[in-house]
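Notes follow once the structure below has been shown.
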Amino acid sequence: MNSYKQDFRVENMRQISDSIRSRLRSEGRTYFIETYGCQMNVRDSESISGMLLDCGFTPANSKQEADLILFNTCCVRDHAEKRVFGNIGALKELKEQRPGLIIGVCGCMMQQTNVANKLMKRFPFVDLVFGTNVLHRLPELLEHVLNGNRVSLTNEDDISVIEGIPSHREPSASAFVNIMYGCNNFCSYCIVPFVRGRERSRSPEAIVDEVRALVEAGYSEVTLLGQNVNSYGNDNQSISFAELLGRVNMVDGLKRIRFMSSHPKDLTDDVVEAIAANEKVCPHVHLPVQSGSDRILKLMNRKYNREQYLKTAEKLKALRPDFELTTDIIVGFPGETEEDFADTLSLVKQVGFAAAFTFKYSRRQGTIAVSLPNQIDEATKKERLKRLNALQAEMTVLNNRKYLGYSGEVLIEGFDAKGDGVVYGKYPNFKMVYFDGEPDMIGRYADVTVTGCKKNSLIGELKNG
Ligand code: SAH
Ligand code: SF4
Ligand code: F3S
């Protein structure tokens with residue numbers, strides 16, 4: 001009955017062998033990656049793609065056609081986890097029809113050994129499991145799988161910065177660039193520090209070299225990525241995040257610099273000054289507030305209070321009239337009273353975010369908050385989320401109205417398939433605008449004037465066009 005392969009522990013082996021590489025090339029095997037979660041995972045999937053291409057795989061158009069299907073998972077909330085399990089389960093039939101199909105699962109969820117073990121048990125047709133720390137070892141892991149083994153490698157302590165992993169980005173004008181990995185903050189609700197390890201920063205030289213290479217390849221916008229970019233360099237580098245912005249700003253041919261996420265406790269005046277001083281740095285900061293209540297912020301271990309947050313927000317907004325802030329907010333954190341929630345609503349009103357990503361608190365095993373008293377029931381969370389979203393929707397409309405008549409340069413990102421000749425793109429401050437255009441304009445810049453606004457978006461037209 002159990003025709004599935006035996007589990008196999010991986011020793012120290014680095015590269016896929018030439019014989020396997022040429023075998024894969026001649027067989028024309030294809031891969032498909034399904035990515036969940038945040039930009040970190042998107043960026044990791046680009047590295048996975050790069051390694052798979054290097055091994056001799058080519059991209060498949062769909063999951064159904066692929067010879068290798070890889071799920072790059074997220075575990076930040078319960079919902080993300082359930083979806084992954086559901087989608088893996090759904091592949092059982094496909095695997096029975098095509099026993100040669102390789103199914104792999106990686107990413108944050110798999111960095112938790114207990115979850116990885118559960119998954120290996122529950123889905124015997126999964127061939128390969130690996131955590132975030134060993135991403136770079138994919139070629140050797142694959143070799144073991146291709147040799148008929150079932151492989152699981154999670155939670156290794158190998159958390160150095162690995163440079164030189166091949167990478168495959170989709171053609172675009174905009175690219176993600178990691179500046180650091182991991183997180184040291186241990187916000188009491190958050191699983192990320194457990195699945196991404198401690199903070200480690202890439203060297204400024206490696207970052208600037210990557211940005212330069214991207215510009216040479218035709219990219220003009222970079223988003224510098226880290227769980228808390230403001231603590232860049234605190235571990236082992238000679239320069240700070242503010243200084244790094246200055247270095248990246250000097251790359252010739254680069255037009256725009258974005259970064260995310262910023263932790264409010266570390267967004268110091270030198271960063272505000274660097275945003276102002278470096279003309280390529282966009283006038284937008286994603287500044288997750290999580291809650292407007294001092295009591296809850298303390299329980300969340302966020303290390304700033306409402307007043308400090310508001311002060312930082314003010315400093316940023318004072319840089320220019322079109323400076324925009326976006327945020328993340330959690331409702332229903334353990335112990336959140338109606339009064340605490342009212343503080344969140346009032347902060348949202350006071351700051352006037354361009355957009356807010358709002359979440360119901362989700363209990364994550366292993367975090368401090370999971371065992372805090374006074375967990376909030378689902379109905380209350382749902383109801384608070386609804387009220388918060390309704391308020392933010394009003395704020396978004398108000399924010400959009402400010403832009404009637406506004407002009408600026410837009411990087412065109414896409415073509416609205418439903419919109420009949422409509423393209424969309426972003427101003428430097430992250431505001432999205434829709435206007436008439438053709439698909440071949442994607443990746444280019446255009447001057448656009450705002451002529452109207454809808455509930456969630458701005459409508460514009462090409463200047464002089
Ligand atoms: N490092 C980034 C964000 C990481 S996770 C930062 O600190 O800004 C992205 C967002 O998910 C967080 O900002 C938070 O709002 C939300 N989040 C994290 N853990 C959560 C949990 N247990 N329940 C609900 N939302 C959560
Ligand atoms: Fe999670 Fe806090 Fe780290 Fe962000 S800063 S990843 S919310 S622990
Ligand atoms: Fe990102 Fe989810 Fe991991 S939010 S860091 S992919 S747990």
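Going by the structure tokens order, chains are called A, B, ..., each with residues numbered from 1, while ligands are numbered from 1 in the order shown.
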
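All residues, whether protein, DNA or RNA, that have an atom at most 6 Å from ligand 1 (counting only C-alpha atoms and all ligand atoms) are Val76, Arg77, Tyr189, Cys190, Gln227, Asn228, Ser261, Ser262, His263, Pro288, Gln290, Asp328, Ile329, Ile330, Phe359, Lys360, Tyr361, Ser362, Arg363 and Arg364 of chain A.
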
Dump as a PDB file, in the first residue's frame, selection limited to N, CA, C and O atoms:
ATOM      1  N   VAL A  76       1.846  33.545   8.864  1.00  0.00           N
ATOM      2  CA  VAL A  76       1.657  34.713   9.723  1.00  0.00           C
ATOM      3  C   VAL A  76       0.263  34.727  10.361  1.00  0.00           C
ATOM      4  O   VAL A  76       0.096  35.218  11.470  1.00  0.00           O
ATOM      5  N   ARG A  77      -0.697  34.172   9.645  1.00  0.00           N
ATOM      6  CA  ARG A  77      -2.051  34.033  10.206  1.00  0.00           C
ATOM      7  C   ARG A  77      -2.598  32.648   9.870  1.00  0.00           C
ATOM      8  O   ARG A  77      -2.185  32.024   8.899  1.00  0.00           O
ATOM      9  N   TYR A 189       2.589  39.035  19.191  1.00  0.00           N
ATOM     10  CA  TYR A 189       1.625  38.277  18.380  1.00  0.00           C
ATOM     11  C   TYR A 189       2.281  37.530  17.226  1.00  0.00           C
ATOM     12  O   TYR A 189       1.655  36.725  16.564  1.00  0.00           O
ATOM     13  N   CYS A 190       3.566  37.798  16.960  1.00  0.00           N
ATOM     14  CA  CYS A 190       4.117  37.531  15.623  1.00  0.00           C
ATOM     15  C   CYS A 190       5.022  36.304  15.559  1.00  0.00           C
ATOM     16  O   CYS A 190       5.918  36.115  16.373  1.00  0.00           O
ATOM     17  N   GLN A 227      12.295  42.950   7.322  1.00  0.00           N
ATOM     18  CA  GLN A 227      11.154  42.986   8.250  1.00  0.00           C
ATOM     19  C   GLN A 227      11.140  44.296   9.009  1.00  0.00           C
ATOM     20  O   GLN A 227      10.097  44.759   9.460  1.00  0.00           O
ATOM     21  N   ASN A 228      12.312  44.879   9.187  1.00  0.00           N
ATOM     22  CA  ASN A 228      12.407  46.165   9.866  1.00  0.00           C
ATOM     23  C   ASN A 228      13.632  46.868   9.288  1.00  0.00           C
ATOM     24  O   ASN A 228      14.709  46.826   9.867  1.00  0.00           O
ATOM     25  N   SER A 261       9.532  46.742   5.534  1.00  0.00           N
ATOM     26  CA  SER A 261       8.686  47.624   6.319  1.00  0.00           C
ATOM     27  C   SER A 261       9.543  48.430   7.286  1.00  0.00           C
ATOM     28  O   SER A 261      10.661  48.039   7.611  1.00  0.00           O
ATOM     29  N   SER A 262       8.937  49.494   7.784  1.00  0.00           N
ATOM     30  CA  SER A 262       9.598  50.320   8.790  1.00  0.00           C
ATOM     31  C   SER A 262       8.966  50.064  10.141  1.00  0.00           C
ATOM     32  O   SER A 262       7.747  50.056  10.259  1.00  0.00           O
ATOM     33  N   HIS A 263       9.795  49.872  11.149  1.00  0.00           N
ATOM     34  CA  HIS A 263       9.249  49.780  12.512  1.00  0.00           C
ATOM     35  C   HIS A 263       9.273  51.181  13.110  1.00  0.00           C
ATOM     36  O   HIS A 263      10.337  51.816  13.138  1.00  0.00           O
ATOM     37  N   PRO A 288       3.696  50.395   9.894  1.00  0.00           N
ATOM     38  CA  PRO A 288       2.666  49.645  10.607  1.00  0.00           C
ATOM     39  C   PRO A 288       2.490  50.138  12.039  1.00  0.00           C
ATOM     40  O   PRO A 288       3.456  50.185  12.800  1.00  0.00           O
ATOM     41  N   GLN A 290      -0.277  49.003  14.101  1.00  0.00           N
ATOM     42  CA  GLN A 290      -0.866  47.824  14.781  1.00  0.00           C
ATOM     43  C   GLN A 290      -2.014  48.172  15.719  1.00  0.00           C
ATOM     44  O   GLN A 290      -3.026  47.479  15.736  1.00  0.00           O
ATOM     45  N   ASP A 328      -0.307  48.893   8.796  1.00  0.00           N
ATOM     46  CA  ASP A 328      -0.935  47.610   9.129  1.00  0.00           C
ATOM     47  C   ASP A 328      -1.589  47.769  10.501  1.00  0.00           C
ATOM     48  O   ASP A 328      -1.005  48.405  11.394  1.00  0.00           O
ATOM     49  N   ILE A 329      -2.765  47.182  10.653  1.00  0.00           N
ATOM     50  CA  ILE A 329      -3.468  47.269  11.937  1.00  0.00           C
ATOM     51  C   ILE A 329      -4.051  45.901  12.297  1.00  0.00           C
ATOM     52  O   ILE A 329      -4.583  45.202  11.436  1.00  0.00           O
ATOM     53  N   ILE A 330      -3.917  45.544  13.561  1.00  0.00           N
ATOM     54  CA  ILE A 330      -4.511  44.299  14.065  1.00  0.00           C
ATOM     55  C   ILE A 330      -5.676  44.656  14.984  1.00  0.00           C
ATOM     56  O   ILE A 330      -5.518  45.497  15.875  1.00  0.00           O
ATOM     57  N   PHE A 359      -6.121  43.419   9.890  1.00  0.00           N
ATOM     58  CA  PHE A 359      -6.168  41.991  10.168  1.00  0.00           C
ATOM     59  C   PHE A 359      -6.862  41.712  11.491  1.00  0.00           C
ATOM     60  O   PHE A 359      -6.706  42.475  12.445  1.00  0.00           O
ATOM     61  N   LYS A 360      -7.560  40.574  11.537  1.00  0.00           N
ATOM     62  CA  LYS A 360      -8.040  40.081  12.834  1.00  0.00           C
ATOM     63  C   LYS A 360      -6.881  39.370  13.500  1.00  0.00           C
ATOM     64  O   LYS A 360      -6.161  38.618  12.837  1.00  0.00           O
ATOM     65  N   TYR A 361      -6.698  39.608  14.783  1.00  0.00           N
ATOM     66  CA  TYR A 361      -5.628  38.916  15.501  1.00  0.00           C
ATOM     67  C   TYR A 361      -5.796  37.403  15.337  1.00  0.00           C
ATOM     68  O   TYR A 361      -6.885  36.870  15.481  1.00  0.00           O
ATOM     69  N   SER A 362      -4.681  36.740  15.025  1.00  0.00           N
ATOM     70  CA  SER A 362      -4.695  35.302  14.818  1.00  0.00           C
ATOM     71  C   SER A 362      -3.696  34.663  15.784  1.00  0.00           C
ATOM     72  O   SER A 362      -2.533  35.079  15.850  1.00  0.00           O
ATOM     73  N   ARG A 363      -4.150  33.675  16.539  1.00  0.00           N
ATOM     74  CA  ARG A 363      -3.263  33.074  17.555  1.00  0.00           C
ATOM     75  C   ARG A 363      -2.195  32.213  16.897  1.00  0.00           C
ATOM     76  O   ARG A 363      -2.507  31.294  16.147  1.00  0.00           O
ATOM     77  N   ARG A 364      -0.934  32.507  17.192  1.00  0.00           N
ATOM     78  CA  ARG A 364       0.179  31.743  16.624  1.00  0.00           C
ATOM     79  C   ARG A 364       0.887  30.984  17.734  1.00  0.00           C
ATOM     80  O   ARG A 364       1.399  31.598  18.679  1.00  0.00           O
TER      81      ARG A 364
END

**Request:** Once DSSP has gone over the backbone, tell me which residues of range 164-391 of chain A are in strand (DSSP E), as JSON, numbers by chain.
**Result:** {"A": [174, 175, 176, 177, 178, 180, 181, 200, 201, 221, 222, 223, 224, 225, 256, 257, 258, 259, 260, 284, 285, 286, 324, 325, 326, 327, 328, 329, 330, 331, 355, 356, 357, 358, 359, 360]}

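With distances restricted to only C-alpha atoms and all ligand atoms, A:Lys303 is the closest residue to ligand 2 from A:His168, A:Lys303, A:Lys315, A:Lys382.
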
Restrict the calculation to only C-alpha atoms and all ligand atoms, then for each residue of chain A with any atom at most 7 Å from an atom of ligand 3 give the closest atom pair and their distance in Å to one decimal, rows by chain and rising residue number, as CSV.
residue,atom,partner,partner_atom_place_in_ligand_line,distance
A:Tyr36,CA,ligand 3,6 (S),6.4
A:Gly37,CA,ligand 3,6 (S),3.9
A:Cys38,CA,ligand 3,1 (Fe),4.1
A:Gln39,CA,ligand 3,1 (Fe),6.7
A:Met40,CA,ligand 3,1 (Fe),5.6
A:Asn41,CA,ligand 3,6 (S),5.1
A:Thr73,CA,ligand 3,6 (S),6.4
A:Cys74,CA,ligand 3,2 (Fe),3.7
A:Cys75,CA,ligand 3,7 (S),4.3
A:Val76,CA,ligand 3,7 (S),4.2
A:Gly107,CA,ligand 3,3 (Fe),6.8
A:Cys108,CA,ligand 3,3 (Fe),4.6
A:Met109,CA,ligand 3,7 (S),6.8
A:Ile191,CA,ligand 3,7 (S),6.6
A:Val192,CA,ligand 3,7 (S),5.3
A:Val195,CA,ligand 3,7 (S),6.9
A:Arg196,CA,ligand 3,5 (S),6.5

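The shortest atom-to-atom distance to Leu372 in chain A, with only C-alpha atoms taken into account, belongs to A:Glu336 out of A:Glu461, A:Asp54, A:Glu336, A:Glu93.
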
Could you build a table of the residues in range 163-225 of chain A lying no more than 12 Å from range 415-431 of chain A, giving for each the nearest pair of atoms and their separation in Å rounded to one decimal place, using only C-alpha atoms, ordered by chain and ascending residue number, as a tab-separated table?
residue	atom	partner	partner_atom	distance
A:Ala173	CA	A:Gly425	CA	11.3
A:Ser174	CA	A:Lys426	CA	11.3
A:Glu221	CA	A:Pro428	CA	10.1
A:Val222	CA	A:Pro428	CA	11.9
A:Thr223	CA	A:Phe430	CA	11.9

**Prompt:** What lies within 12 Å of Gly100 in chain A using only C-alpha atoms, ignoring chain neighbours under 2 positions off, as a list in words?
**Reply:** Tyr4, Arg29, Thr30, Ala66, Asp67, Leu68, Ile69, Leu94, Lys95, Glu96, Gln97, Arg98, Ile102, Ile103, Phe125, Val126, Asp127, Val145, Leu146, Asn147 and Gly148 of chain A

Output N, CA, C and O atoms of each residue in that selection to a file, as a PDB file, in the first residue's frame.
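Generated file (part.pdb):
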ATOM      1  N   TYR A   4       5.180   4.992  -1.224  1.00  0.00           N
ATOM      2  CA  TYR A   4       5.934   6.239  -1.160  1.00  0.00           C
ATOM      3  C   TYR A   4       7.351   6.001  -0.648  1.00  0.00           C
ATOM      4  O   TYR A   4       7.630   5.019   0.029  1.00  0.00           O
ATOM      5  N   ARG A  29      12.107  19.133 -18.258  1.00  0.00           N
ATOM      6  CA  ARG A  29      11.189  19.186 -17.099  1.00  0.00           C
ATOM      7  C   ARG A  29      10.834  20.617 -16.704  1.00  0.00           C
ATOM      8  O   ARG A  29      11.674  21.512 -16.784  1.00  0.00           O
ATOM      9  N   THR A  30       9.611  20.814 -16.251  1.00  0.00           N
ATOM     10  CA  THR A  30       9.126  22.170 -15.961  1.00  0.00           C
ATOM     11  C   THR A  30       8.743  22.321 -14.487  1.00  0.00           C
ATOM     12  O   THR A  30       8.489  21.338 -13.795  1.00  0.00           O
ATOM     13  N   ALA A  66       2.940  21.157 -14.787  1.00  0.00           N
ATOM     14  CA  ALA A  66       4.316  21.177 -14.264  1.00  0.00           C
ATOM     15  C   ALA A  66       4.800  19.803 -13.815  1.00  0.00           C
ATOM     16  O   ALA A  66       4.015  18.968 -13.356  1.00  0.00           O
ATOM     17  N   ASP A  67       6.114  19.568 -13.938  1.00  0.00           N
ATOM     18  CA  ASP A  67       6.728  18.338 -13.427  1.00  0.00           C
ATOM     19  C   ASP A  67       7.173  18.507 -11.979  1.00  0.00           C
ATOM     20  O   ASP A  67       7.414  17.543 -11.274  1.00  0.00           O
ATOM     21  N   LEU A  68       7.334  19.772 -11.573  1.00  0.00           N
ATOM     22  CA  LEU A  68       7.684  20.081 -10.175  1.00  0.00           C
ATOM     23  C   LEU A  68       6.772  21.214  -9.708  1.00  0.00           C
ATOM     24  O   LEU A  68       6.728  22.272 -10.334  1.00  0.00           O
ATOM     25  N   ILE A  69       6.030  20.970  -8.635  1.00  0.00           N
ATOM     26  CA  ILE A  69       5.182  22.022  -8.062  1.00  0.00           C
ATOM     27  C   ILE A  69       5.717  22.334  -6.669  1.00  0.00           C
ATOM     28  O   ILE A  69       5.917  21.430  -5.859  1.00  0.00           O
ATOM     29  N   LEU A  94      -3.669  14.350  -8.821  1.00  0.00           N
ATOM     30  CA  LEU A  94      -2.703  14.651  -9.886  1.00  0.00           C
ATOM     31  C   LEU A  94      -1.461  13.770  -9.717  1.00  0.00           C
ATOM     32  O   LEU A  94      -0.924  13.238 -10.683  1.00  0.00           O
ATOM     33  N   LYS A  95      -1.036  13.622  -8.480  1.00  0.00           N
ATOM     34  CA  LYS A  95       0.156  12.807  -8.206  1.00  0.00           C
ATOM     35  C   LYS A  95      -0.122  11.332  -8.532  1.00  0.00           C
ATOM     36  O   LYS A  95       0.761  10.629  -9.013  1.00  0.00           O
ATOM     37  N   GLU A  96      -1.337  10.890  -8.283  1.00  0.00           N
ATOM     38  CA  GLU A  96      -1.664   9.494  -8.602  1.00  0.00           C
ATOM     39  C   GLU A  96      -1.667   9.268 -10.111  1.00  0.00           C
ATOM     40  O   GLU A  96      -1.210   8.229 -10.599  1.00  0.00           O
ATOM     41  N   GLN A  97      -2.145  10.277 -10.830  1.00  0.00           N
ATOM     42  CA  GLN A  97      -2.148  10.167 -12.299  1.00  0.00           C
ATOM     43  C   GLN A  97      -0.733  10.240 -12.859  1.00  0.00           C
ATOM     44  O   GLN A  97      -0.422   9.626 -13.870  1.00  0.00           O
ATOM     45  N   ARG A  98       0.100  11.062 -12.206  1.00  0.00           N
ATOM     46  CA  ARG A  98       1.462  11.283 -12.724  1.00  0.00           C
ATOM     47  C   ARG A  98       2.477  11.051 -11.616  1.00  0.00           C
ATOM     48  O   ARG A  98       2.942  11.996 -10.979  1.00  0.00           O
ATOM     49  N   ILE A 102       6.893  15.895  -9.014  1.00  0.00           N
ATOM     50  CA  ILE A 102       7.549  16.187  -7.729  1.00  0.00           C
ATOM     51  C   ILE A 102       6.762  17.293  -7.037  1.00  0.00           C
ATOM     52  O   ILE A 102       6.492  18.338  -7.636  1.00  0.00           O
ATOM     53  N   ILE A 103       6.386  17.075  -5.772  1.00  0.00           N
ATOM     54  CA  ILE A 103       5.677  18.104  -5.016  1.00  0.00           C
ATOM     55  C   ILE A 103       6.540  18.532  -3.837  1.00  0.00           C
ATOM     56  O   ILE A 103       6.980  17.700  -3.041  1.00  0.00           O
ATOM     57  N   PHE A 125       2.427  11.969  -0.304  1.00  0.00           N
ATOM     58  CA  PHE A 125       2.836  12.203  -1.702  1.00  0.00           C
ATOM     59  C   PHE A 125       3.691  13.457  -1.858  1.00  0.00           C
ATOM     60  O   PHE A 125       4.123  13.782  -2.960  1.00  0.00           O
ATOM     61  N   VAL A 126       3.938  14.164  -0.755  1.00  0.00           N
ATOM     62  CA  VAL A 126       4.868  15.304  -0.826  1.00  0.00           C
ATOM     63  C   VAL A 126       6.299  14.761  -0.805  1.00  0.00           C
ATOM     64  O   VAL A 126       6.638  13.927   0.036  1.00  0.00           O
ATOM     65  N   ASP A 127       7.131  15.192  -1.757  1.00  0.00           N
ATOM     66  CA  ASP A 127       8.484  14.645  -1.900  1.00  0.00           C
ATOM     67  C   ASP A 127       9.543  15.436  -1.159  1.00  0.00           C
ATOM     68  O   ASP A 127      10.583  14.920  -0.801  1.00  0.00           O
ATOM     69  N   VAL A 145      15.935  14.030  -4.181  1.00  0.00           N
ATOM     70  CA  VAL A 145      14.573  13.663  -4.591  1.00  0.00           C
ATOM     71  C   VAL A 145      14.625  12.933  -5.935  1.00  0.00           C
ATOM     72  O   VAL A 145      13.987  11.893  -6.114  1.00  0.00           O
ATOM     73  N   LEU A 146      15.412  13.485  -6.865  1.00  0.00           N
ATOM     74  CA  LEU A 146      15.497  12.866  -8.197  1.00  0.00           C
ATOM     75  C   LEU A 146      16.123  11.474  -8.120  1.00  0.00           C
ATOM     76  O   LEU A 146      15.893  10.633  -8.974  1.00  0.00           O
ATOM     77  N   ASN A 147      16.900  11.239  -7.071  1.00  0.00           N
ATOM     78  CA  ASN A 147      17.469   9.905  -6.877  1.00  0.00           C
ATOM     79  C   ASN A 147      16.521   8.973  -6.126  1.00  0.00           C
ATOM     80  O   ASN A 147      16.906   7.910  -5.664  1.00  0.00           O
ATOM     81  N   GLY A 148      15.272   9.431  -5.949  1.00  0.00           N
ATOM     82  CA  GLY A 148      14.257   8.534  -5.407  1.00  0.00           C
ATOM     83  C   GLY A 148      14.017   8.641  -3.916  1.00  0.00           C
ATOM     84  O   GLY A 148      13.365   7.787  -3.330  1.00  0.00           O
TER      85      GLY A 148
END

**Asked** Mind checking DSSP for range 219-371 of chain A and telling me the alpha helix (DSSP H) residues as a ChimeraX atom specification?
**Response** /A:241-249,269-277,294-299,306-317,338-351

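You can rank A:Gln350, A:Asn249, A:Thr344, A:Thr327 by their closest distance to Ser293 in chain A using only C-alpha atoms, and at the top of that list sits A:Thr344.
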
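Counting only C-alpha atoms and all ligand atoms and comparing A:His136, A:His286, A:Arg387, A:Lys454, the residue that lies closest to ligand 2 is A:His286.
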
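One finds CA of Glu199 in chain A at 23.1 Å from CA of Val115 in chain A.
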
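Closest approach to Arg320 in chain A from the set A:Pro204, A:Cys282, A:Ala356, A:Ile165 is made by A:Cys282, with distances taken over only C-alpha atoms.
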
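Using only C-alpha atoms, the shortest contact distance between Leu398 in chain A and any of A:Arg25, A:Lys381, A:Lys349, A:Arg202 is found at A:Lys349.
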
**Message:** Can you tell me which residues surround range 388-397 of chain A at a distance of at most 7 Å, considering only C-alpha atoms, apart from same-chain residues fewer than 4 positions away, and format the answer as a ChimeraX atom specification?
**Reply:** /A:345,352,354-356,384,401,455-456
